[in-house]
file protein.pdb (PDB, C-alpha atoms)
ATOM      1  CA  MET A1361      -5.793  26.138   1.954  1.00  0.00           C
ATOM      2  CA  ASP A1362      -4.143  25.411  -1.369  1.00  0.00           C
ATOM      3  CA  LEU A1363      -5.910  22.708  -3.395  1.00  0.00           C
ATOM      4  CA  LEU A1364      -2.582  21.413  -4.705  1.00  0.00           C
ATOM      5  CA  LYS A1365      -1.375  20.773  -1.142  1.00  0.00           C
ATOM      6  CA  ILE A1366      -4.516  18.774  -0.440  1.00  0.00           C
ATOM      7  CA  LEU A1367      -3.930  16.723  -3.588  1.00  0.00           C
ATOM      8  CA  GLN A1368      -0.264  16.259  -2.637  1.00  0.00           C
ATOM      9  CA  VAL A1369      -1.168  14.912   0.805  1.00  0.00           C
ATOM     10  CA  SER A1370      -3.825  12.590  -0.613  1.00  0.00           C
ATOM     11  CA  ALA A1371      -1.522  11.302  -3.359  1.00  0.00           C
ATOM     12  CA  SER A1372       1.220  10.657  -0.825  1.00  0.00           C
ATOM     13  CA  GLY A1373      -1.298   8.822   1.336  1.00  0.00           C
ATOM     14  CA  LEU A1374      -2.369   6.694  -1.628  1.00  0.00           C
ATOM     15  CA  SER A1375       1.223   5.721  -2.289  1.00  0.00           C
ATOM     16  CA  ALA A1376       1.881   4.905   1.375  1.00  0.00           C
ATOM     17  CA  GLU A1377      -1.264   2.795   1.708  1.00  0.00           C
ATOM     18  CA  ARG A1378      -0.460   0.961  -1.533  1.00  0.00           C
ATOM     19  CA  THR A1379       2.921  -0.001  -0.055  1.00  0.00           C
ATOM     20  CA  ARG A1380       1.200  -1.054   3.160  1.00  0.00           C
ATOM     21  CA  LEU A1381      -1.234  -3.268   1.200  1.00  0.00           C
ATOM     22  CA  GLN A1382       1.632  -4.837  -0.751  1.00  0.00           C
ATOM     23  CA  THR A1383       3.490  -5.564   2.480  1.00  0.00           C
ATOM     24  CA  VAL A1384       0.410  -7.132   4.069  1.00  0.00           C
ATOM     25  CA  SER A1385      -0.222  -9.296   1.003  1.00  0.00           C
ATOM     26  CA  SER A1386       3.400 -10.450   1.057  1.00  0.00           C
ATOM     27  CA  ASN A1387       3.077 -11.351   4.735  1.00  0.00           C
ATOM     28  CA  ILE A1388      -0.106 -13.345   4.114  1.00  0.00           C
ATOM     29  CA  ALA A1389       1.408 -15.103   1.099  1.00  0.00           C
ATOM     30  CA  ASN A1390       4.428 -16.171   3.161  1.00  0.00           C
ATOM     31  CA  ALA A1391       2.582 -17.098   6.373  1.00  0.00           C
ATOM     32  CA  GLN A1392       3.627 -20.752   5.963  1.00  0.00           C
ATOM     33  CA  THR A1393       7.081 -20.242   4.390  1.00  0.00           C
ATOM     34  CA  THR A1394       9.695 -22.038   6.470  1.00  0.00           C
ATOM     35  CA  ARG A1395      12.652 -21.587   4.086  1.00  0.00           C
ATOM     36  CA  THR A1396      13.856 -18.289   2.680  1.00  0.00           C
ATOM     37  CA  GLU A1397      16.937 -17.186   0.769  1.00  0.00           C
ATOM     38  CA  GLU A1398      18.264 -15.623   3.989  1.00  0.00           C
ATOM     39  CA  GLY A1399      17.796 -18.934   5.792  1.00  0.00           C
ATOM     40  CA  GLY A1400      15.114 -19.850   8.282  1.00  0.00           C
ATOM     41  CA  PRO A1401      11.441 -18.979   8.167  1.00  0.00           C
ATOM     42  CA  TYR A1402       9.945 -15.856   6.642  1.00  0.00           C
ATOM     43  CA  GLN A1403       9.952 -12.803   8.898  1.00  0.00           C
ATOM     44  CA  ARG A1404       6.952 -10.486   8.931  1.00  0.00           C
ATOM     45  CA  ARG A1405       7.571  -7.131   7.227  1.00  0.00           C
ATOM     46  CA  LEU A1406       6.256  -3.789   8.481  1.00  0.00           C
ATOM     47  CA  PRO A1407       6.223  -0.480   6.590  1.00  0.00           C
ATOM     48  CA  VAL A1408       7.565   2.530   8.503  1.00  0.00           C
ATOM     49  CA  PHE A1409       5.662   5.753   7.837  1.00  0.00           C
ATOM     50  CA  ARG A1410       6.991   9.273   8.205  1.00  0.00           C
ATOM     51  CA  SER A1411       5.071  12.500   7.830  1.00  0.00           C
ATOM     52  CA  ASP A1412       6.632  15.478   6.137  1.00  0.00           C
ATOM     53  CA  SER A1413       5.057  18.757   7.009  1.00  0.00           C
ATOM     54  CA  VAL A1414       3.509  20.390   3.948  1.00  0.00           C
ATOM     55  CA  SER A1415       3.909  23.854   5.452  1.00  0.00           C
ATOM     56  CA  ASN A1416       7.421  25.323   5.654  1.00  0.00           C
ATOM     57  CA  ASN A1417       6.161  28.245   7.714  1.00  0.00           C
ATOM     58  CA  PRO A1418       6.427  27.350  11.425  1.00  0.00           C
ATOM     59  CA  PHE A1419       4.016  30.200  12.268  1.00  0.00           C
ATOM     60  CA  GLY A1420       1.377  29.194   9.706  1.00  0.00           C
ATOM     61  CA  ASP A1421      -2.178  28.499  10.705  1.00  0.00           C
ATOM     62  CA  VAL A1422      -2.943  25.449  12.827  1.00  0.00           C
ATOM     63  CA  LEU A1423      -4.532  23.453  10.008  1.00  0.00           C
ATOM     64  CA  GLU A1424      -1.487  23.795   7.778  1.00  0.00           C
ATOM     65  CA  GLN A1425       0.818  22.809  10.622  1.00  0.00           C
ATOM     66  CA  LYS A1426      -1.240  19.679  11.288  1.00  0.00           C
ATOM     67  CA  LEU A1427      -1.598  18.733   7.628  1.00  0.00           C
ATOM     68  CA  GLN A1428       1.191  16.307   6.845  1.00  0.00           C
ATOM     69  CA  ALA A1429       1.962  14.085   3.873  1.00  0.00           C
ATOM     70  CA  PRO A1430       2.673  10.471   4.895  1.00  0.00           C
ATOM     71  CA  LYS A1431       5.233   8.384   3.078  1.00  0.00           C
ATOM     72  CA  VAL A1432       6.916   5.041   3.623  1.00  0.00           C
ATOM     73  CA  VAL A1433      10.513   5.501   4.696  1.00  0.00           C
ATOM     74  CA  GLU A1434      11.441   1.819   4.766  1.00  0.00           C
ATOM     75  CA  VAL A1435      10.073  -1.662   5.294  1.00  0.00           C
ATOM     76  CA  VAL A1436      11.534  -3.339   8.389  1.00  0.00           C
ATOM     77  CA  VAL A1437      11.504  -6.901   9.669  1.00  0.00           C
ATOM     78  CA  ASP A1438       9.314  -7.628  12.690  1.00  0.00           C
ATOM     79  CA  LYS A1439      11.487  -8.789  15.596  1.00  0.00           C
ATOM     80  CA  ARG A1440       8.816 -10.897  17.301  1.00  0.00           C
ATOM     81  CA  PRO A1441       9.916 -14.491  17.883  1.00  0.00           C
ATOM     82  CA  ASN A1442       8.856 -17.191  15.464  1.00  0.00           C
ATOM     83  CA  GLU A1443       6.267 -19.755  16.463  1.00  0.00           C
ATOM     84  CA  GLN A1444       7.403 -23.312  17.252  1.00  0.00           C
ATOM     85  CA  VAL A1445       4.978 -25.968  15.964  1.00  0.00           C
ATOM     86  CA  TYR A1446       5.179 -29.717  16.527  1.00  0.00           C
ATOM     87  CA  ASN A1447       5.115 -31.378  13.111  1.00  0.00           C
ATOM     88  CA  PRO A1448       7.633 -34.242  12.863  1.00  0.00           C
ATOM     89  CA  GLY A1449       6.648 -35.042   9.255  1.00  0.00           C
ATOM     90  CA  HIS A1450       7.611 -31.565   7.982  1.00  0.00           C
ATOM     91  CA  PRO A1451      10.858 -31.443   5.912  1.00  0.00           C
ATOM     92  CA  ASP A1452      12.180 -28.584   8.070  1.00  0.00           C
ATOM     93  CA  ALA A1453      11.374 -30.256  11.401  1.00  0.00           C
ATOM     94  CA  ASP A1454      14.139 -30.707  13.956  1.00  0.00           C
ATOM     95  CA  PRO A1455      14.929 -34.453  13.807  1.00  0.00           C
ATOM     96  CA  GLU A1456      15.219 -34.748  17.607  1.00  0.00           C
ATOM     97  CA  THR A1457      12.208 -32.724  18.767  1.00  0.00           C
ATOM     98  CA  GLY A1458       9.933 -32.692  15.688  1.00  0.00           C
ATOM     99  CA  MET A1459       9.467 -28.917  16.103  1.00  0.00           C
ATOM    100  CA  VAL A1460       9.234 -26.618  13.077  1.00  0.00           C
ATOM    101  CA  GLU A1461      10.031 -22.926  13.291  1.00  0.00           C
ATOM    102  CA  MET A1462       7.144 -21.117  11.580  1.00  0.00           C
ATOM    103  CA  PRO A1463       6.965 -17.455  10.473  1.00  0.00           C
ATOM    104  CA  ASN A1464       5.894 -14.804  12.977  1.00  0.00           C
ATOM    105  CA  VAL A1465       2.907 -13.877  10.789  1.00  0.00           C
ATOM    106  CA  ASN A1466      -0.564 -13.797  12.352  1.00  0.00           C
ATOM    107  CA  VAL A1467      -3.023 -13.993   9.448  1.00  0.00           C
ATOM    108  CA  VAL A1468      -5.871 -12.450  11.461  1.00  0.00           C
ATOM    109  CA  GLU A1469      -3.681  -9.468  12.377  1.00  0.00           C
ATOM    110  CA  GLU A1470      -2.681  -9.121   8.733  1.00  0.00           C
ATOM    111  CA  MET A1471      -6.320  -9.159   7.626  1.00  0.00           C
ATOM    112  CA  VAL A1472      -7.105  -6.356  10.095  1.00  0.00           C
ATOM    113  CA  ASP A1473      -4.134  -4.374   8.723  1.00  0.00           C
ATOM    114  CA  MET A1474      -5.371  -5.011   5.185  1.00  0.00           C
ATOM    115  CA  ILE A1475      -8.869  -3.748   5.969  1.00  0.00           C
ATOM    116  CA  SER A1476      -7.417  -0.681   7.703  1.00  0.00           C
ATOM    117  CA  ALA A1477      -5.099   0.077   4.778  1.00  0.00           C
ATOM    118  CA  SER A1478      -7.866  -0.356   2.200  1.00  0.00           C
ATOM    119  CA  ARG A1479     -10.162   1.971   4.159  1.00  0.00           C
ATOM    120  CA  ALA A1480      -7.396   4.582   4.409  1.00  0.00           C
ATOM    121  CA  TYR A1481      -6.818   4.206   0.654  1.00  0.00           C
ATOM    122  CA  GLU A1482     -10.545   4.746   0.013  1.00  0.00           C
ATOM    123  CA  SER A1483     -10.485   7.832   2.250  1.00  0.00           C
ATOM    124  CA  ASN A1484      -7.660   9.339   0.219  1.00  0.00           C
ATOM    125  CA  VAL A1485      -9.507   8.631  -3.035  1.00  0.00           C
ATOM    126  CA  THR A1486     -12.594  10.322  -1.578  1.00  0.00           C
ATOM    127  CA  ALA A1487     -10.526  13.344  -0.543  1.00  0.00           C
ATOM    128  CA  ILE A1488      -9.096  13.661  -4.053  1.00  0.00           C
ATOM    129  CA  SER A1489     -12.571  13.395  -5.551  1.00  0.00           C
ATOM    130  CA  ALA A1490     -13.968  16.025  -3.168  1.00  0.00           C
ATOM    131  CA  THR A1491     -11.058  18.355  -3.947  1.00  0.00           C
ATOM    132  CA  LYS A1492     -11.672  17.928  -7.669  1.00  0.00           C
ATOM    133  CA  ASN A1493     -15.376  18.669  -7.215  1.00  0.00           C
ATOM    134  CA  MET A1494     -14.577  21.806  -5.180  1.00  0.00           C
ATOM    135  CA  ALA A1495     -12.245  23.041  -7.907  1.00  0.00           C
ATOM    136  CA  LEU A1496     -14.895  22.409 -10.582  1.00  0.00           C
ATOM    137  CA  LYS A1497     -17.561  24.238  -8.556  1.00  0.00           C
ATOM    138  CA  ALA A1498     -15.171  27.178  -8.067  1.00  0.00           C
ATOM    139  CA  LEU A1499     -14.648  27.342 -11.821  1.00  0.00           C
ATOM    140  CA  GLU A1500     -18.423  27.301 -12.395  1.00  0.00           C
ATOM    141  CA  ILE A1501     -18.873  30.172  -9.944  1.00  0.00           C
ATOM    142  CA  GLY A1502     -16.220  32.160 -11.804  1.00  0.00           C
ATOM    143  CA  ARG A1503     -18.106  31.911 -15.122  1.00  0.00           C
TER     144      ARG A1503
END
call {"tool": "encode", "arguments": {"input": "protein.pdb", "output": "C-alpha cells"}}
result
Amino acid sequence: MDLLKILQVSASGLSAERTRLQTVSSNIANAQTTRTEEGGPYQRRLPVFRSDSVSNNPFGDVLEQKLQAPKVVEVVVDKRPNEQVYNPGHPDADPETGMVEMPNVNVVEEMVDMISASRAYESNVTAISATKNMALKALEIGR
C-alpha cells in the first residue's frame, strides 16, 4: 500500500467532513429562519458524497479496490416538507390561520450529524498521524 494514497484518502475525507460540518452549522444557524432570499423558510441542506476509487487497476488487490477517497459532489436541498406552527403573533404568520411555515431542520438530527462528522474528521486526522509515524519509523529502520 502506497503511503501517499493513504494520505490522499485521509485528506479527501478531511475536506469532505469539513464541508459536512459547515453544512450542519448552517442548518442549525437557520433552524428558525422563516424568510430567505429565495422566498419562504430556509430549507435544510445536505452534502452529497461520492467516492472515487484510488486504484485504476480493476484487478488490483482487494484492499486497494475497497479504498476510496470521499469527496462532496454537491450540496442539495432536503425535500422534506416544512413544519407548520401556530404562532399568530409572528410577522410571517398567515393572517387567517395564524400558522407559520418553519424550516424543515431538526436540531437534534443536526447535532447527531455534527457529532458523526466530527468523529469522522478525528478518525482521518488519526489516520494521517499514524501514516506519518509509520513513514518516520521506516526511515529510522533504514538508517
call {"tool": "closest_residue", "arguments": {"input": "protein.pdb", "among": "A:Ala1376, A:Gly1449, A:Gly1458, A:Ala1487", "to": "Glu1434 (chain A)", "atoms": "only C-alpha atoms"}}
result
A:Ala1376
call {"tool": "closest_residue", "arguments": {"input": "protein.pdb", "among": "A:Arg1405, A:Arg1479, A:Lys1431, A:Arg1503", "to": "Val1369 (chain A)", "atoms": "all atoms listed in the file"}}
result
A:Lys1431
call {"tool": "closest_residue", "arguments": {"input": "protein.pdb", "among": "A:Ala1391, A:Ile1488, A:Met1471, A:Ala1498", "to": "Leu1367 (chain A)", "atoms": "all atoms listed in the file"}}
result
A:Ile1488
call {"tool": "atom_distance", "arguments": {"input": "protein.pdb", "atom1": "CA of Asp1473 (chain A)", "atom2": "CA of Ala1429 (chain A)"}}
result
20.0 Å
call {"tool": "axis_aligned_box", "arguments": {"input": "protein.pdb", "around": "region 1494-1500 of chain A", "padding_each_side": "3 Å", "output": "AutoDock Vina command-line options"}}
result
--center_x -15.3 --center_y 24.6 --center_z -8.8 --size_x 12.2 --size_y 11.5 --size_z 13.2
call {"tool": "atom_distance", "arguments": {"input": "protein.pdb", "atom1": "CA of Thr1486 (chain A)", "atom2": "CA of Glu1469 (chain A)"}}
result
25.8 Å
call {"tool": "residues_around", "arguments": {"input": "protein.pdb", "residues": "region 1459-1467 of chain A", "least_positions_apart": "5", "cutoff": "9 Å", "atoms": "all atoms listed in the file", "output": "PyMOL selection string"}}
result
chain A and resi 1387-1388+1390-1394+1400-1405+1438-1448+1450-1454+1472
call {"tool": "decode", "arguments": {"input": "protein.pdb", "residues": "region 1374-1493 of chain A", "atoms": "C-alpha atoms", "output": "mmCIF file, in the first residue's frame"}}
result
data_model
loop_
_atom_site.group_PDB
_atom_site.id
_atom_site.type_symbol
_atom_site.label_atom_id
_atom_site.label_comp_id
_atom_site.auth_asym_id
_atom_site.auth_seq_id
_atom_site.Cartn_x
_atom_site.Cartn_y
_atom_site.Cartn_z
ATOM 1 C CA LEU A 1374 -10.946 15.733 5.940
ATOM 2 C CA SER A 1375 -12.182 18.038 3.212
ATOM 3 C CA ALA A 1376 -15.492 16.180 2.872
ATOM 4 C CA GLU A 1377 -16.133 16.167 6.619
ATOM 5 C CA ARG A 1378 -15.258 19.868 6.852
ATOM 6 C CA THR A 1379 -17.935 20.582 4.233
ATOM 7 C CA ARG A 1380 -20.365 18.369 6.133
ATOM 8 C CA LEU A 1381 -19.664 20.285 9.373
ATOM 9 C CA GLN A 1382 -20.152 23.620 7.607
ATOM 10 C CA THR A 1383 -23.460 22.427 6.175
ATOM 11 C CA VAL A 1384 -24.660 21.214 9.574
ATOM 12 C CA SER A 1385 -23.688 24.500 11.228
ATOM 13 C CA SER A 1386 -25.555 26.423 8.530
ATOM 14 C CA ASN A 1387 -28.634 24.270 9.102
ATOM 15 C CA ILE A 1388 -28.515 24.846 12.862
ATOM 16 C CA ALA A 1389 -27.964 28.584 12.422
ATOM 17 C CA ASN A 1390 -31.014 28.828 10.152
ATOM 18 C CA ALA A 1391 -33.324 26.496 12.104
ATOM 19 C CA GLN A 1392 -35.687 29.405 12.855
ATOM 20 C CA THR A 1393 -35.286 31.390 9.605
ATOM 21 C CA THR A 1394 -38.693 31.931 8.026
ATOM 22 C CA ARG A 1395 -37.608 34.355 5.273
ATOM 23 C CA THR A 1396 -34.865 33.723 2.747
ATOM 24 C CA GLU A 1397 -33.734 35.451 -0.430
ATOM 25 C CA GLU A 1398 -35.408 32.667 -2.433
ATOM 26 C CA GLY A 1399 -38.662 33.280 -0.571
ATOM 27 C CA GLY A 1400 -40.203 31.163 2.146
ATOM 28 C CA PRO A 1401 -38.460 29.442 5.020
ATOM 29 C CA TYR A 1402 -34.931 28.073 4.980
ATOM 30 C CA GLN A 1403 -34.575 24.594 3.505
ATOM 31 C CA ARG A 1404 -32.212 22.105 5.116
ATOM 32 C CA ARG A 1405 -29.046 21.447 3.095
ATOM 33 C CA LEU A 1406 -27.397 18.042 2.698
ATOM 34 C CA PRO A 1407 -23.932 17.321 1.285
ATOM 35 C CA VAL A 1408 -23.760 14.570 -1.347
ATOM 36 C CA PHE A 1409 -20.654 12.392 -1.100
ATOM 37 C CA ARG A 1410 -19.060 10.413 -3.899
ATOM 38 C CA SER A 1411 -16.152 8.022 -3.650
ATOM 39 C CA ASP A 1412 -13.517 7.913 -6.337
ATOM 40 C CA SER A 1413 -11.561 4.729 -6.461
ATOM 41 C CA VAL A 1414 -7.886 5.348 -5.722
ATOM 42 C CA SER A 1415 -6.852 2.281 -7.709
ATOM 43 C CA ASN A 1416 -7.110 2.439 -11.509
ATOM 44 C CA ASN A 1417 -6.316 -1.256 -11.791
ATOM 45 C CA PRO A 1418 -9.593 -3.234 -11.748
ATOM 46 C CA PHE A 1419 -7.639 -6.422 -10.932
ATOM 47 C CA GLY A 1420 -5.678 -4.898 -8.038
ATOM 48 C CA ASP A 1421 -5.761 -6.398 -4.593
ATOM 49 C CA VAL A 1422 -8.984 -6.274 -2.596
ATOM 50 C CA LEU A 1423 -7.791 -3.596 -0.176
ATOM 51 C CA GLU A 1424 -6.911 -1.183 -2.962
ATOM 52 C CA GLN A 1425 -10.246 -1.789 -4.662
ATOM 53 C CA LYS A 1426 -12.102 -1.033 -1.428
ATOM 54 C CA LEU A 1427 -10.013 2.014 -0.552
ATOM 55 C CA GLN A 1428 -11.851 5.028 -1.900
ATOM 56 C CA ALA A 1429 -11.405 8.767 -1.471
ATOM 57 C CA PRO A 1430 -14.655 10.524 -0.490
ATOM 58 C CA LYS A 1431 -15.476 13.980 -1.754
ATOM 59 C CA VAL A 1432 -18.507 16.242 -1.745
ATOM 60 C CA VAL A 1433 -20.053 16.438 -5.192
ATOM 61 C CA GLU A 1434 -22.739 18.984 -4.341
ATOM 62 C CA VAL A 1435 -24.930 20.292 -1.556
ATOM 63 C CA VAL A 1436 -28.630 19.646 -2.198
ATOM 64 C CA VAL A 1437 -31.807 20.934 -0.592
ATOM 65 C CA ASP A 1438 -33.750 18.495 1.583
ATOM 66 C CA LYS A 1439 -37.200 17.908 0.079
ATOM 67 C CA ARG A 1440 -38.952 17.087 3.357
ATOM 68 C CA PRO A 1441 -41.996 19.278 3.996
ATOM 69 C CA ASN A 1442 -41.695 22.291 6.253
ATOM 70 C CA GLU A 1443 -43.265 22.279 9.689
ATOM 71 C CA GLN A 1444 -46.442 24.313 10.274
ATOM 72 C CA VAL A 1445 -46.502 26.029 13.685
ATOM 73 C CA TYR A 1446 -49.361 28.019 15.196
ATOM 74 C CA ASN A 1447 -47.990 31.438 16.127
ATOM 75 C CA PRO A 1448 -50.407 34.251 15.202
ATOM 76 C CA GLY A 1449 -48.072 36.956 16.567
ATOM 77 C CA HIS A 1450 -45.235 36.037 14.170
ATOM 78 C CA PRO A 1451 -44.670 38.541 11.298
ATOM 79 C CA ASP A 1452 -44.762 35.704 8.744
ATOM 80 C CA ALA A 1453 -47.945 34.107 10.108
ATOM 81 C CA ASP A 1454 -50.871 33.533 7.766
ATOM 82 C CA PRO A 1455 -53.402 36.226 8.776
ATOM 83 C CA GLU A 1456 -56.364 33.823 8.521
ATOM 84 C CA THR A 1457 -54.983 30.716 10.237
ATOM 85 C CA GLY A 1458 -52.102 32.088 12.352
ATOM 86 C CA MET A 1459 -49.838 29.301 11.032
ATOM 87 C CA VAL A 1460 -46.158 29.937 10.295
ATOM 88 C CA GLU A 1461 -44.185 27.777 7.897
ATOM 89 C CA MET A 1462 -40.948 26.873 9.699
ATOM 90 C CA PRO A 1463 -37.768 25.329 8.227
ATOM 91 C CA ASN A 1464 -37.518 21.552 7.885
ATOM 92 C CA VAL A 1465 -34.481 21.496 10.195
ATOM 93 C CA ASN A 1466 -34.490 19.148 13.192
ATOM 94 C CA VAL A 1467 -31.823 20.474 15.568
ATOM 95 C CA VAL A 1468 -31.402 17.117 17.328
ATOM 96 C CA GLU A 1469 -30.799 15.380 13.991
ATOM 97 C CA GLU A 1470 -28.302 18.084 13.068
ATOM 98 C CA MET A 1471 -26.450 17.637 16.361
ATOM 99 C CA VAL A 1472 -26.164 13.889 15.696
ATOM 100 C CA ASP A 1473 -24.819 14.656 12.198
ATOM 101 C CA MET A 1474 -22.354 17.124 13.710
ATOM 102 C CA ILE A 1475 -21.047 14.584 16.219
ATOM 103 C CA SER A 1476 -20.745 11.963 13.469
ATOM 104 C CA ALA A 1477 -18.890 14.359 11.163
ATOM 105 C CA SER A 1478 -16.513 15.495 13.911
ATOM 106 C CA ARG A 1479 -15.717 11.881 14.825
ATOM 107 C CA ALA A 1480 -15.054 11.043 11.166
ATOM 108 C CA TYR A 1481 -12.814 14.128 10.952
ATOM 109 C CA GLU A 1482 -10.895 12.963 14.043
ATOM 110 C CA SER A 1483 -10.518 9.495 12.506
ATOM 111 C CA ASN A 1484 -8.967 10.970 9.377
ATOM 112 C CA VAL A 1485 -6.565 13.072 11.454
ATOM 113 C CA THR A 1486 -5.584 9.934 13.379
ATOM 114 C CA ALA A 1487 -5.003 8.046 10.127
ATOM 115 C CA ILE A 1488 -2.749 10.822 8.832
ATOM 116 C CA SER A 1489 -0.815 10.849 12.096
ATOM 117 C CA ALA A 1490 -0.396 7.058 12.057
ATOM 118 C CA THR A 1491 0.772 7.169 8.434
ATOM 119 C CA LYS A 1492 3.313 9.852 9.303
ATOM 120 C CA ASN A 1493 4.582 7.797 12.244
#
